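See below for upload_14.cif, which holds mmCIF, C-alpha atoms.
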data_data
#
loop_
_atom_site.group_PDB
_atom_site.id
_atom_site.type_symbol
_atom_site.label_atom_id
_atom_site.label_comp_id
_atom_site.auth_asym_id
_atom_site.auth_seq_id
_atom_site.Cartn_x
_atom_site.Cartn_y
_atom_site.Cartn_z
ATOM 1 C CA PHE L 24 -4.321 15.407 17.847
ATOM 2 C CA GLU L 25 -3.184 12.796 15.326
ATOM 3 C CA THR L 26 0.381 14.137 15.494
ATOM 4 C CA LEU L 27 0.667 13.871 19.304
ATOM 5 C CA ALA L 28 3.682 11.699 20.042
ATOM 6 C CA ASP L 29 4.271 9.489 23.067
ATOM 7 C CA ALA L 30 7.541 7.555 23.473
ATOM 8 C CA GLY L 31 8.205 7.768 19.736
ATOM 9 C CA GLY L 32 4.733 6.577 18.720
ATOM 10 C CA LEU L 33 1.475 8.217 17.714
ATOM 11 C CA PRO L 34 -1.038 6.695 20.177
ATOM 12 C CA ILE L 35 -4.094 8.515 18.848
ATOM 13 C CA LEU L 36 -3.334 7.735 15.196
ATOM 14 C CA ALA L 37 -2.248 4.110 15.753
ATOM 15 C CA PRO L 38 -5.703 2.451 15.943
ATOM 16 C CA MET L 39 -6.894 4.352 12.870
ATOM 17 C CA SER L 40 -3.751 3.272 11.017
ATOM 18 C CA ASP L 41 -4.357 -0.359 12.023
ATOM 19 C CA ILE L 42 -7.803 -0.164 10.440
ATOM 20 C CA ALA L 43 -6.635 1.671 7.306
ATOM 21 C CA GLY L 44 -3.845 -0.825 6.627
ATOM 22 C CA ARG L 45 -6.142 -3.809 6.933
ATOM 23 C CA LEU L 46 -8.886 -2.162 4.886
ATOM 24 C CA ALA L 47 -6.403 -1.293 2.129
ATOM 25 C CA VAL L 48 -5.773 -4.969 1.424
ATOM 26 C CA GLN L 49 -9.356 -6.127 1.980
ATOM 27 C CA ILE L 50 -10.787 -3.521 -0.373
ATOM 28 C CA GLY L 51 -7.883 -3.878 -2.808
ATOM 29 C CA THR L 52 -8.508 -7.630 -3.003
ATOM 30 C CA ASN L 53 -12.127 -6.968 -3.887
ATOM 31 C CA LEU L 54 -11.156 -4.422 -6.562
ATOM 32 C CA LEU L 55 -8.843 -6.998 -8.179
ATOM 33 C CA GLN L 56 -11.867 -9.113 -9.082
ATOM 34 C CA ARG L 57 -12.798 -8.994 -12.764
ATOM 35 C CA PRO L 58 -16.407 -7.810 -12.187
ATOM 36 C CA ARG L 59 -14.918 -4.780 -10.371
ATOM 37 C CA GLY L 60 -12.589 -3.990 -13.295
ATOM 38 C CA GLY L 61 -9.570 -5.808 -11.881
ATOM 39 C CA LYS L 62 -7.252 -8.453 -13.273
ATOM 40 C CA GLY L 63 -9.378 -11.284 -11.982
ATOM 41 C CA LEU L 64 -6.857 -12.757 -9.605
ATOM 42 C CA LEU L 65 -6.768 -14.103 -6.074
ATOM 43 C CA LEU L 66 -3.920 -12.708 -4.005
ATOM 44 C CA GLY L 67 -3.155 -16.127 -2.539
ATOM 45 C CA GLY L 68 -3.240 -17.805 -5.939
ATOM 46 C CA LEU L 69 -4.311 -21.377 -6.528
ATOM 47 C CA PRO L 70 -2.463 -24.568 -7.389
ATOM 48 C CA GLY L 71 -1.034 -23.969 -10.853
ATOM 49 C CA VAL L 72 -1.660 -20.215 -10.658
ATOM 50 C CA PRO L 73 0.842 -17.647 -9.347
ATOM 51 C CA ARG L 74 0.207 -15.704 -6.171
ATOM 52 C CA GLY L 75 -0.701 -12.038 -6.457
ATOM 53 C CA ARG L 76 2.019 -9.469 -5.820
ATOM 54 C CA VAL L 77 1.408 -6.835 -3.152
ATOM 55 C CA VAL L 78 3.861 -3.947 -2.838
ATOM 56 C CA ILE L 79 3.658 -1.742 0.252
ATOM 57 C CA LEU L 80 5.476 1.560 0.666
ATOM 58 C CA GLY L 81 6.047 2.146 4.376
ATOM 59 C CA ALA L 82 6.243 -0.416 7.173
ATOM 60 C CA GLY L 83 4.748 1.685 9.956
ATOM 61 C CA GLN L 84 1.424 1.034 11.654
ATOM 62 C CA ALA L 85 -0.721 1.147 8.480
ATOM 63 C CA GLY L 86 1.807 -0.528 6.178
ATOM 64 C CA GLY L 87 2.573 -3.210 8.740
ATOM 65 C CA ASN L 88 -1.101 -4.079 9.068
ATOM 66 C CA ALA L 89 -1.473 -4.154 5.282
ATOM 67 C CA ALA L 90 1.476 -6.573 5.110
ATOM 68 C CA LEU L 91 -0.028 -8.743 7.849
ATOM 69 C CA VAL L 92 -3.323 -9.177 5.969
ATOM 70 C CA ALA L 93 -1.695 -9.629 2.539
ATOM 71 C CA ALA L 94 0.717 -12.240 3.917
ATOM 72 C CA ALA L 95 -2.121 -14.102 5.655
ATOM 73 C CA LEU L 96 -3.979 -14.260 2.335
ATOM 74 C CA GLY L 97 -0.912 -15.921 0.826
ATOM 75 C CA ALA L 98 0.177 -13.072 -1.437
ATOM 76 C CA GLU L 99 3.768 -12.449 -2.443
ATOM 77 C CA VAL L 100 4.431 -9.318 -0.355
ATOM 78 C CA THR L 101 7.243 -6.804 -0.823
ATOM 79 C CA ILE L 102 7.387 -3.999 1.722
ATOM 80 C CA PHE L 103 9.738 -1.017 1.745
ATOM 81 C CA ASP L 104 10.949 1.146 4.611
ATOM 82 C CA LYS L 105 14.119 2.847 5.829
ATOM 83 C CA ARG L 106 14.005 1.603 9.429
ATOM 84 C CA ARG L 107 15.847 -1.629 10.107
ATOM 85 C CA GLU L 108 13.671 -2.611 13.066
ATOM 86 C CA ARG L 109 10.516 -2.295 10.958
ATOM 87 C CA LEU L 110 12.069 -4.340 8.147
ATOM 88 C CA GLU L 111 12.950 -7.069 10.657
ATOM 89 C CA ALA L 112 9.396 -7.092 12.011
ATOM 90 C CA MET L 113 7.949 -7.353 8.507
ATOM 91 C CA ARG L 114 10.254 -10.184 7.497
ATOM 92 C CA ALA L 115 9.114 -12.107 10.573
ATOM 93 C CA LEU L 116 5.539 -12.157 9.206
ATOM 94 C CA GLY L 117 6.370 -15.135 7.021
ATOM 95 C CA PRO L 118 8.329 -16.591 4.126
ATOM 96 C CA ASN L 119 6.112 -14.849 1.568
ATOM 97 C CA VAL L 120 7.176 -11.390 2.858
ATOM 98 C CA THR L 121 10.252 -9.629 1.513
ATOM 99 C CA ALA L 122 11.257 -6.509 3.439
ATOM 100 C CA LEU L 123 13.594 -4.147 1.599
ATOM 101 C CA TYR L 124 15.294 -0.848 2.239
ATOM 102 C CA ALA L 125 13.529 1.892 0.267
ATOM 103 C CA TYR L 126 16.000 2.351 -2.578
ATOM 104 C CA ARG L 127 14.376 4.100 -5.542
ATOM 105 C CA ASP L 128 15.471 1.472 -8.117
ATOM 106 C CA SER L 129 14.131 -1.420 -6.044
ATOM 107 C CA MET L 130 10.822 0.346 -5.495
ATOM 108 C CA GLU L 131 10.458 1.128 -9.213
ATOM 109 C CA GLN L 132 11.017 -2.522 -10.136
ATOM 110 C CA ALA L 133 8.512 -3.738 -7.553
ATOM 111 C CA VAL L 134 5.849 -1.182 -8.527
ATOM 112 C CA ALA L 135 6.077 -2.269 -12.181
ATOM 113 C CA THR L 136 5.023 -5.820 -11.264
ATOM 114 C CA ALA L 137 2.536 -5.037 -8.454
ATOM 115 C CA ASP L 138 -1.007 -6.318 -8.654
ATOM 116 C CA LEU L 139 -1.870 -4.295 -5.540
ATOM 117 C CA LEU L 140 0.169 -1.243 -4.531
ATOM 118 C CA VAL L 141 -0.384 0.247 -1.072
ATOM 119 C CA GLY L 142 1.030 3.673 -0.195
ATOM 120 C CA ALA L 143 1.433 3.949 3.584
ATOM 121 C CA VAL L 144 4.076 6.619 4.125
ATOM 122 C CA LEU L 145 3.721 8.983 7.061
ATOM 123 C CA ILE L 146 5.959 11.803 8.181
ATOM 124 C CA PRO L 147 4.113 13.251 11.205
ATOM 125 C CA GLY L 148 3.026 16.826 10.618
ATOM 126 C CA ALA L 149 4.434 16.944 7.075
ATOM 127 C CA ARG L 150 3.389 16.155 3.522
ATOM 128 C CA ALA L 151 4.055 12.594 2.374
ATOM 129 C CA PRO L 152 6.949 12.335 -0.094
ATOM 130 C CA ARG L 153 6.052 11.388 -3.663
ATOM 131 C CA LEU L 154 7.590 7.955 -4.198
ATOM 132 C CA VAL L 155 5.719 6.793 -7.308
ATOM 133 C CA SER L 156 5.393 8.910 -10.465
ATOM 134 C CA ALA L 157 2.504 9.007 -12.939
ATOM 135 C CA ASP L 158 4.806 7.306 -15.473
ATOM 136 C CA GLN L 159 5.376 4.426 -13.045
ATOM 137 C CA VAL L 160 1.620 4.057 -12.547
ATOM 138 C CA ALA L 161 1.199 4.011 -16.348
ATOM 139 C CA GLY L 162 3.764 1.177 -16.434
ATOM 140 C CA MET L 163 1.652 -1.044 -14.178
ATOM 141 C CA GLN L 164 -0.528 -3.712 -15.788
ATOM 142 C CA ALA L 165 -4.107 -2.768 -16.596
ATOM 143 C CA GLY L 166 -6.453 -4.018 -13.890
ATOM 144 C CA SER L 167 -3.931 -3.467 -11.110
ATOM 145 C CA VAL L 168 -5.103 -1.667 -7.974
ATOM 146 C CA LEU L 169 -3.523 1.177 -6.037
ATOM 147 C CA VAL L 170 -4.583 2.186 -2.504
ATOM 148 C CA ASP L 171 -2.929 5.323 -1.123
ATOM 149 C CA ILE L 172 -3.504 5.561 2.619
ATOM 150 C CA SER L 173 -1.157 8.588 2.615
ATOM 151 C CA VAL L 174 -3.825 10.624 0.808
ATOM 152 C CA ASP L 175 -4.521 12.579 4.029
ATOM 153 C CA GLN L 176 -0.956 13.935 3.820
ATOM 154 C CA GLY L 177 -1.126 14.609 0.069
ATOM 155 C CA GLY L 178 -0.419 11.045 -1.053
ATOM 156 C CA CYS L 179 2.850 9.280 -1.810
ATOM 157 C CA ILE L 180 1.795 8.509 -5.393
ATOM 158 C CA GLU L 181 1.634 11.255 -8.009
ATOM 159 C CA THR L 182 -1.759 10.167 -9.377
ATOM 160 C CA THR L 183 -3.418 10.248 -5.945
ATOM 161 C CA ARG L 184 -6.389 12.522 -5.375
ATOM 162 C CA PRO L 185 -8.773 12.398 -2.415
ATOM 163 C CA THR L 186 -11.975 10.348 -2.717
ATOM 164 C CA THR L 187 -14.811 9.368 -0.394
ATOM 165 C CA TYR L 188 -16.662 6.120 0.263
ATOM 166 C CA ALA L 189 -19.586 7.555 -1.732
ATOM 167 C CA ASP L 190 -17.360 7.611 -4.850
ATOM 168 C CA PRO L 191 -14.221 5.732 -3.784
ATOM 169 C CA THR L 192 -12.414 4.799 -7.011
ATOM 170 C CA TYR L 193 -11.153 6.260 -10.256
ATOM 171 C CA GLN L 194 -8.959 5.021 -13.099
ATOM 172 C CA VAL L 195 -5.591 6.327 -14.257
ATOM 173 C CA SER L 196 -3.796 4.472 -17.070
ATOM 174 C CA GLY L 197 -5.969 1.390 -16.497
ATOM 175 C CA VAL L 198 -5.063 1.217 -12.797
ATOM 176 C CA THR L 199 -7.888 1.445 -10.266
ATOM 177 C CA HIS L 200 -7.156 4.008 -7.549
ATOM 178 C CA LEU L 201 -8.734 3.988 -4.091
ATOM 179 C CA CYS L 202 -7.718 7.097 -2.159
ATOM 180 C CA VAL L 203 -10.400 7.497 0.485
ATOM 181 C CA THR L 204 -9.493 10.044 3.118
ATOM 182 C CA ASN L 205 -9.773 8.964 6.754
ATOM 183 C CA MET L 206 -10.259 5.313 5.827
#

Structure translated into structure tokens:
Amino acid sequence: FETLADAGGLPILAPMSDIAGRLAVQIGTNLLQRPRGGKGLLLGGLPGVPRGRVVILGAGQAGGNAALVAAALGAEVTIFDKRRERLEAMRALGPNVTALYAYRDSMEQAVATADLLVGAVLIPGARAPRLVSADQVAGMQAGSVLVDISVDQGGCIETTRPTTYADPTYQVSGVTHLCVTNM
């Protein structure tokens, strides 16, 4: 039922994607705290301290909601998509949101500096394309966090493997992964 389309949208999947996108940032923010193994940073920063960098792959329902929450927290948000109308909508979220076309080089540069990386790519009825390699994950700073909402479609990050809320995280190259299915 999740792939049922109506006027170009996915009405059954949309509310679940809203929740997953918002949870991705809320949980990711928590995992960035030092006691949870993170870098020990606040996404919104503080006076004299830089803002956290959130990179989001996909500006659809889930990615758009992740961007909304990250921007509201004051993070420096970079979101990638291929659809102009979605990029325009993301840019309108605020001056701390940069919306870019999904060119591989631009995504690689952004991933390398991400404190929180959110994978939110959906191709209805198909496997998510792999946009981030294991080498790119290894190039992220230790203590960074990765949340792959696309895990239900195989994940858009090479190091993604399904987890549950009972055991939600694992580490790869010093990067905390949260890949809970059906968030």

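Minimum atom-to-atom distances from L:Pro70, L:Gly142, L:Gly117, L:Gly61 to Val174 of chain L were compared using all atoms listed in the file, and the lowest value belongs to L:Gly142.
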
Handout entry: Resolved residues for the PyMOL selection byres ((chain L and resi 108) around 12) as a list in words
Key =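 When the PyMOL selection byres ((chain L and resi 108) around 12) is applied to the shown file, the picked residues are Ala82, Gly83, Gly87, Asp104, Lys105, Arg106, Arg107, Arg109, Leu110, Glu111, Ala112, Met113, Arg114, Ala115, Ala122, Leu123 and Tyr124 of chain L.
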
Problem - Residues matched by the PyMOL selection byres ((chain L and resi 205) around 10) as a ChimeraX atom specification - result: /L:39-40,43,172-175,185-188,202-204,206

I need the output of the PyMOL selection byres ((chain L and resi 51) around 9) for this file as a compact mmCIF listing (two decimals) with C-alpha atoms, keeping the file's coordinate frame; which residues are they?
# COMPACT_ATOMS: atom_id res chain seq x y z
CA LEU L 46 -8.89 -2.16 4.89
CA ALA L 47 -6.40 -1.29 2.13
CA VAL L 48 -5.77 -4.97 1.42
CA GLN L 49 -9.36 -6.13 1.98
CA ILE L 50 -10.79 -3.52 -0.37
CA THR L 52 -8.51 -7.63 -3.00
CA ASN L 53 -12.13 -6.97 -3.89
CA LEU L 54 -11.16 -4.42 -6.56
CA LEU L 55 -8.84 -7.00 -8.18
CA LEU L 139 -1.87 -4.30 -5.54
CA LEU L 140 0.17 -1.24 -4.53
CA VAL L 141 -0.38 0.25 -1.07
CA VAL L 168 -5.10 -1.67 -7.97
CA LEU L 169 -3.52 1.18 -6.04
CA VAL L 170 -4.58 2.19 -2.50
CA LEU L 201 -8.73 3.99 -4.09

Problem - One-decimal distance in Å that lies between atom CA of Ala93 of chain L and atom CA of Val77 of chain L - result: 7.1 Å

Handout entry: From L:Ser129, L:Ser167, L:Gln84, L:Gln159, residue lying nearest Leu66 of chain L [all atoms listed in the file]
Key =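 Result for the nearest residue to Leu66 of chain L: L:Ser167.
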
Fill in the blank from the handout: atom CA of Ala165 of chain L sits from atom CA of Glu181 of chain L at a separation of 17.4 Å

Exercise for the section: Figure out the distance between atom CA of Val120 of chain L and atom CA of Ala98 of chain L, please, to one decimal in Å. Expected result: 8.4 Å

Practice task
Point out the residue among L:Arg59, L:Glu99, L:Leu154, L:Val144 with the least atom-to-atom distance to Gly75 of chain L, counting all atoms listed in the file.
Solution key: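 Closest residue, counting all atoms listed in the file: L:Glu99.
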
Kindly add N, CA and C atoms to the incomplete segment 70-102 of chain L and provide the output as a tab-separated table (two decimals), in the frame of the given file.
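Everything below was put into part-v1.tsv:
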chain	number	residue	atom	x	y	z
L	70	PRO	N	-3.42	-23.63	-6.80
L	70	PRO	CA	-2.46	-24.57	-7.39
L	70	PRO	C	-2.41	-24.37	-8.90
L	71	GLY	N	-1.22	-24.18	-9.42
L	71	GLY	CA	-1.03	-23.97	-10.85
L	71	GLY	C	-1.17	-22.52	-11.29
L	72	VAL	N	-1.48	-21.64	-10.35
L	72	VAL	CA	-1.66	-20.22	-10.66
L	72	VAL	C	-0.77	-19.41	-9.71
L	73	PRO	N	-0.04	-18.41	-10.24
L	73	PRO	CA	0.84	-17.65	-9.35
L	73	PRO	C	0.07	-16.83	-8.31
L	74	ARG	N	0.75	-16.57	-7.21
L	74	ARG	CA	0.21	-15.70	-6.17
L	74	ARG	C	0.19	-14.27	-6.69
L	75	GLY	N	-0.69	-13.45	-6.15
L	75	GLY	CA	-0.70	-12.04	-6.46
L	75	GLY	C	0.46	-11.34	-5.78
L	76	ARG	N	0.90	-10.23	-6.37
L	76	ARG	CA	2.02	-9.47	-5.82
L	76	ARG	C	1.49	-8.19	-5.18
L	77	VAL	N	1.79	-8.03	-3.90
L	77	VAL	CA	1.41	-6.84	-3.15
L	77	VAL	C	2.68	-6.08	-2.81
L	78	VAL	N	2.72	-4.81	-3.16
L	78	VAL	CA	3.86	-3.95	-2.84
L	78	VAL	C	3.36	-2.88	-1.89
L	79	ILE	N	4.07	-2.71	-0.77
L	79	ILE	CA	3.66	-1.74	0.25
L	79	ILE	C	4.80	-0.78	0.49
L	80	LEU	N	4.50	0.50	0.42
L	80	LEU	CA	5.48	1.56	0.67
L	80	LEU	C	5.26	2.09	2.07
L	81	GLY	N	6.15	1.72	2.98
L	81	GLY	CA	6.05	2.15	4.38
L	81	GLY	C	5.66	0.98	5.27
L	82	ALA	N	6.48	0.71	6.28
L	82	ALA	CA	6.24	-0.42	7.17
L	82	ALA	C	5.86	0.04	8.57
L	83	GLY	N	5.21	1.19	8.66
L	83	GLY	CA	4.75	1.68	9.96
L	83	GLY	C	3.47	0.97	10.36
L	84	GLN	N	2.65	1.64	11.13
L	84	GLN	CA	1.42	1.03	11.65
L	84	GLN	C	0.49	0.59	10.52
L	85	ALA	N	0.20	1.48	9.58
L	85	ALA	CA	-0.72	1.15	8.48
L	85	ALA	C	-0.09	0.13	7.53
L	86	GLY	N	1.13	0.38	7.10
L	86	GLY	CA	1.81	-0.53	6.18
L	86	GLY	C	2.03	-1.90	6.79
L	87	GLY	N	2.38	-1.94	8.06
L	87	GLY	CA	2.57	-3.21	8.74
L	87	GLY	C	1.30	-4.03	8.80
L	88	ASN	N	0.18	-3.38	9.04
L	88	ASN	CA	-1.10	-4.08	9.07
L	88	ASN	C	-1.51	-4.53	7.67
L	89	ALA	N	-1.21	-3.73	6.66
L	89	ALA	CA	-1.47	-4.15	5.28
L	89	ALA	C	-0.65	-5.40	4.95
L	90	ALA	N	0.61	-5.42	5.35
L	90	ALA	CA	1.48	-6.57	5.11
L	90	ALA	C	0.96	-7.81	5.84
L	91	LEU	N	0.50	-7.64	7.06
L	91	LEU	CA	-0.03	-8.74	7.85
L	91	LEU	C	-1.19	-9.42	7.13
L	92	VAL	N	-2.14	-8.63	6.65
L	92	VAL	CA	-3.32	-9.18	5.97
L	92	VAL	C	-2.93	-9.80	4.63
L	93	ALA	N	-2.10	-9.10	3.85
L	93	ALA	CA	-1.70	-9.63	2.54
L	93	ALA	C	-0.92	-10.94	2.69
L	94	ALA	N	-0.05	-11.01	3.68
L	94	ALA	CA	0.72	-12.24	3.92
L	94	ALA	C	-0.21	-13.38	4.34
L	95	ALA	N	-1.18	-13.08	5.20
L	95	ALA	CA	-2.12	-14.10	5.66
L	95	ALA	C	-2.96	-14.65	4.51
L	96	LEU	N	-3.23	-13.81	3.51
L	96	LEU	CA	-3.98	-14.26	2.34
L	96	LEU	C	-3.13	-15.11	1.40
L	97	GLY	N	-1.81	-15.12	1.64
L	97	GLY	CA	-0.91	-15.92	0.83
L	97	GLY	C	-0.27	-15.18	-0.32
L	98	ALA	N	-0.42	-13.86	-0.36
L	98	ALA	CA	0.18	-13.07	-1.44
L	98	ALA	C	1.70	-13.04	-1.33
L	99	GLU	N	2.33	-12.71	-2.42
L	99	GLU	CA	3.77	-12.45	-2.44
L	99	GLU	C	3.92	-10.97	-2.08
L	100	VAL	N	4.41	-10.68	-0.89
L	100	VAL	CA	4.43	-9.32	-0.36
L	100	VAL	C	5.85	-8.77	-0.37
L	101	THR	N	5.98	-7.54	-0.90
L	101	THR	CA	7.24	-6.80	-0.82
L	101	THR	C	6.93	-5.49	-0.14
L	102	ILE	N	7.64	-5.22	0.95
L	102	ILE	CA	7.39	-4.00	1.72
L	102	ILE	C	8.68	-3.21	1.86
